[in-house]
Structures are given as C-alpha cells and as structure tokens.
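A.B. asks: Sharing a structure, written as structure tokens. Questions coming.
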Amino acid sequence: MLVQFFEWNNPENVSTSLSDLRAGDKVVVQHKWGVLLGTVIGSGADGVDVVGQILHKATAQDFEVVLRNKDKEEFLKKTIKKRVREAGLAMKVVDVKLSVDGGCVIVIFTADNRVDFRDLVKTTATELGKSVRFQQVGARDEAKKMGGFGICGRELCCSKFSRGLRSITTDMARCQSIVHRGSDRLSGLCGRLMCCLSYESKQYEECSVDMPNRGDRLEYGKEEVKVLESLVLDRRVKIVDSNGRVNIVNFDELTSLKK
C-alpha cells in the first residue's frame, strides 16, 4: 500500500493486513522512523522497499495527538535551529515533525553541500531525550512542503501532484526550443527548472527527431542560412541568412534543398 507521510516526500510502500482501505484513508503506521500518521494514496508498487506496516485506521484520538504535537514541534524547531547555529553548520531547518508516539523527532533540512551532523544528532537526542532523525531534502521538496502559486497562477505542481514528477532536465527545455530563454525564465519558485517542462517533453521529442537544432547551418534558396528556432509542432523553421534577414519556412523546403 502506498502511503504519503509528509508534504515533502514521495509516497512510500508499507504492508497491511487490512482489506477495506481506500485512497484518502488516514492510517497509523509503524514506520522505520517511529509511529507515523499517513494518507493512503493507492496500491503498493512491486519492487519497492517496504518501510513499515499499517497498524490501524486513524482514530479521533490519533488526530488529537497529532494536533497536540503541533505546539511541541514548534518548540523543537526553535531548539534545533538554535543548536544548528551554535554548531556553525551550513544547513537550513525546513520543518520538524514528531512521531505519533512521541519517541522520534524528524528534522527536515536543506543544504547546498554535504553536512556532517553526527555530533548534532547526539547532542540533540541527549537534550531532548528522544530519537532524532535528520532528513535532507532538495529545494523542490521544500517548495512542495511550503506550497504556493507559480507564474501561471496555478498551484505549484510539486504540491498539487502527490505522486511526484519526473526529473526535470535541460534536455526538456532544449527539445521545446526554449533553453535559450535563460534559467531565470525557466525556473520555478524553488530556483530549479519548472516541473511543467516535463508535461509535453515526450511529444516534442517524438516530433523533433528529424528537425534541425538551433545554430545548425542549412541551405535555403541556394544560400546558406542559420537556424534560429525549430517550430516543432508547426513543422516550420525560423532561419536567418547572411544579410540578417529572418524568415520562417516549411521544414520540407529546407530538407529538399539540403539534399
């Protein structure tokens, strides 16, 4: 069974003996980090590690415990942030969660480089009298946790789609002929490439197999021209000749002349 535990992570696979679970059900899970409250997303995936077992469906008492933990989590977050500053570690504490049974503190943080927080774990665990787990997440995961709206005016994709998205690469922007716009125009609130670049990338890849790339030099009207942009969906190409004249021509004209 796939269960979502936190806003910043992908659903995880857990085992269960319950047969009446449905997507959206709240469940209490004996997770490898402690007893956690999660939301059922769907059926489990084959070949994925099992990280825990569902104990039972969440009850009103479980919700009360989670609600009471909110104040404790704020106190723990302030305490741990203070200890991070005192230790001089280059890391940003994003969130702190307390397990349902109160035995484990889960600290979510971001960092640009690898951080050795072993001493911090020991001191905070001793001070708090609990097991402490530090979990590093990326900038995209932080944005997923915080939420917000993109430049399109819609809810952030990373927050809206609980099952996660494909890894976003510059090749997705390149095949859509927008990589030249620069990282500022292609980046989301997290500072990384926008998730929506993945939506049509597969279709663009299929349509652009035989299309020229930006910067390619071809022949048009017995004259050498330079490709400025491939309009993949229209099967047209924007070109510029040696005199600086820009023109948009059908792709078939270029290929026939090139031959």
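Ordering of the structure tokens sets the chain letters (A, B, ...); residue numbers start at 1 within each chain; ligands are numbered from 1 in the order shown.
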What's around A:Glu229 at 8 Å? Count only C-alpha atoms, leave out sequence neighbours fewer than 3 positions away in its own chain, and write the answer as a PyMOL selection string.
C.D. replies: chain A and resi 177+213-214+237-239
A.B. asks: Need to verify the contact set: stretch 193-199 of chain A, 10 Å, only C-alpha atoms, exclusion of same-chain residues closer than 6 positions in sequence. Can you return it as a list in words?
C.D. replies: Arg140, Gly150, Leu156, Cys157, Cys158, Gly164, Leu165, Arg166, Ser167, Ile168, Thr169, Thr170, Asp171, Met172, Ala173, Gln176, Ile178, Ser183, Asp184, Arg185, Leu186 and Ser187 of chain A
A.B. asks: Which of stretch 148-220 of chain A end up as alpha helix (DSSP H) when DSSP is run on this backbone - answer as a VMD selection string?
C.D. replies: chain A and resid 157 to 160 170 to 175 183 to 186 201 to 207
A.B. asks: Keeping only C-alpha atoms, write the selected residues to a file as a compact mmCIF listing (two decimals), in the first residue's frame.
C.D. replies:
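As written to disk, again.txt reads:
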# COMPACT_ATOMS: atom_id res chain seq x y z
CA CYS A 157 2.86 21.26 -9.48
CA CYS A 158 5.06 19.74 -6.79
CA SER A 159 2.37 20.48 -4.19
CA LYS A 160 -0.61 19.51 -6.32
CA THR A 170 17.66 20.96 -19.57
CA ASP A 171 17.06 18.50 -22.41
CA MET A 172 13.33 19.02 -21.87
CA ALA A 173 13.75 22.75 -22.43
CA ARG A 174 16.11 22.16 -25.35
CA CYS A 175 13.74 19.90 -27.27
CA SER A 183 17.42 29.93 -16.30
CA ASP A 184 15.52 32.88 -14.77
CA ARG A 185 12.58 32.39 -17.11
CA LEU A 186 12.66 28.60 -16.88
CA SER A 201 8.58 16.87 -23.47
CA LYS A 202 7.85 13.36 -24.75
CA GLN A 203 5.65 14.67 -27.57
CA TYR A 204 8.26 17.28 -28.50
CA GLU A 205 10.98 14.62 -28.52
CA GLU A 206 8.96 12.49 -30.91
CA CYS A 207 8.15 15.41 -33.21
A.B. asks: How would you write, as a list in words, the set of residues in stretch 61-188 of chain A that DSSP gives as strand (DSSP E)?
C.D. replies: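 Assigned to strand (DSSP E), within stretch 61-188 of chain A: Lys92, Val93, Val94, Asp95, Val96, Lys97, Leu98, Cys104, Val105, Ile106, Val107, Ile108, Phe109, Thr110, Ser131, Val132, Arg133, Phe134, Gln135 and Gln136 of chain A.
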A.B. asks: Can you write just those residues out, N, CA and C atoms, as an mmCIF file, in the first residue's frame?
C.D. replies:
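And here is the file that came out, selection-v9.cif:
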data_model
loop_
_atom_site.group_PDB
_atom_site.id
_atom_site.type_symbol
_atom_site.label_atom_id
_atom_site.label_comp_id
_atom_site.auth_asym_id
_atom_site.auth_seq_id
_atom_site.Cartn_x
_atom_site.Cartn_y
_atom_site.Cartn_z
ATOM 1 N N LYS A 92 19.815 24.492 6.485
ATOM 2 C CA LYS A 92 18.588 25.234 6.790
ATOM 3 C C LYS A 92 17.515 24.256 7.255
ATOM 4 N N VAL A 93 17.048 24.437 8.470
ATOM 5 C CA VAL A 93 15.988 23.578 9.003
ATOM 6 C C VAL A 93 14.653 24.032 8.404
ATOM 7 N N VAL A 94 14.029 23.141 7.649
ATOM 8 C CA VAL A 94 12.771 23.458 6.960
ATOM 9 C C VAL A 94 11.566 23.117 7.818
ATOM 10 N N ASP A 95 11.619 21.981 8.485
ATOM 11 C CA ASP A 95 10.460 21.537 9.264
ATOM 12 C C ASP A 95 10.907 20.510 10.303
ATOM 13 N N VAL A 96 10.113 20.372 11.333
ATOM 14 C CA VAL A 96 10.356 19.369 12.372
ATOM 15 C C VAL A 96 9.045 18.654 12.656
ATOM 16 N N LYS A 97 9.071 17.322 12.636
ATOM 17 C CA LYS A 97 7.883 16.521 12.889
ATOM 18 C C LYS A 97 8.139 15.579 14.064
ATOM 19 N N LEU A 98 7.102 15.377 14.841
ATOM 20 C CA LEU A 98 7.171 14.471 15.986
ATOM 21 C C LEU A 98 6.295 13.258 15.689
ATOM 22 N N CYS A 104 10.165 9.875 18.438
ATOM 23 C CA CYS A 104 11.132 10.231 17.397
ATOM 24 C C CYS A 104 10.883 11.647 16.883
ATOM 25 N N VAL A 105 11.962 12.414 16.756
ATOM 26 C CA VAL A 105 11.906 13.758 16.179
ATOM 27 C C VAL A 105 12.533 13.702 14.785
ATOM 28 N N ILE A 106 11.780 14.092 13.770
ATOM 29 C CA ILE A 106 12.265 14.059 12.389
ATOM 30 C C ILE A 106 12.540 15.495 11.951
ATOM 31 N N VAL A 107 13.794 15.774 11.637
ATOM 32 C CA VAL A 107 14.229 17.119 11.254
ATOM 33 C C VAL A 107 14.481 17.144 9.753
ATOM 34 N N ILE A 108 13.755 17.992 9.037
ATOM 35 C CA ILE A 108 13.904 18.107 7.592
ATOM 36 C C ILE A 108 14.733 19.353 7.303
ATOM 37 N N PHE A 109 15.787 19.205 6.491
ATOM 38 C CA PHE A 109 16.662 20.344 6.218
ATOM 39 C C PHE A 109 17.147 20.340 4.772
ATOM 40 N N THR A 110 17.605 21.508 4.325
ATOM 41 C CA THR A 110 18.240 21.643 3.021
ATOM 42 C C THR A 110 19.672 22.112 3.234
ATOM 43 N N SER A 131 14.723 9.896 20.095
ATOM 44 C CA SER A 131 15.470 9.553 18.893
ATOM 45 C C SER A 131 15.339 10.716 17.896
ATOM 46 N N VAL A 132 16.443 11.106 17.264
ATOM 47 C CA VAL A 132 16.425 12.229 16.334
ATOM 48 C C VAL A 132 16.883 11.760 14.961
ATOM 49 N N ARG A 133 16.108 12.079 13.954
ATOM 50 C CA ARG A 133 16.397 11.675 12.587
ATOM 51 C C ARG A 133 16.499 12.923 11.715
ATOM 52 N N PHE A 134 17.661 13.159 11.100
ATOM 53 C CA PHE A 134 17.839 14.280 10.180
ATOM 54 C C PHE A 134 17.649 13.769 8.757
ATOM 55 N N GLN A 135 16.770 14.441 8.009
ATOM 56 C CA GLN A 135 16.465 14.028 6.639
ATOM 57 C C GLN A 135 16.685 15.209 5.697
ATOM 58 N N GLN A 136 17.650 15.074 4.793
ATOM 59 C CA GLN A 136 17.919 16.154 3.833
ATOM 60 C C GLN A 136 16.976 16.054 2.649
#
A.B. asks: Quick one, how far is atom CA of A:Cys152 from atom CA of A:Asp234?
C.D. replies: 23.8 Å
A.B. asks: For A:Asp252, which residue among A:Leu233, A:Leu55, A:Leu89, A:Met211 is the nearest when counting only C-alpha atoms?
C.D. replies: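 Smallest separation from A:Asp252 among the options: A:Met211.
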A.B. asks: Mind checking which residues fall within 9 Å of A:Ser99, counting only C-alpha atoms, ignoring those fewer than 4 positions away in the same chain, and posting them as a list in words?
C.D. replies: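 What passes the distance filter is Trp33, Gly34, Val35, Leu36, Leu37, Val66, Asn69, Gly103, Cys104, Val105 and Ile106 of chain A.
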A.B. asks: In Å, how far is it from atom CA of A:Arg217 to atom CA of A:Arg235?
C.D. replies: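 We find that atom CA of A:Arg217 and atom CA of A:Arg235 lie 17.2 Å from each other.
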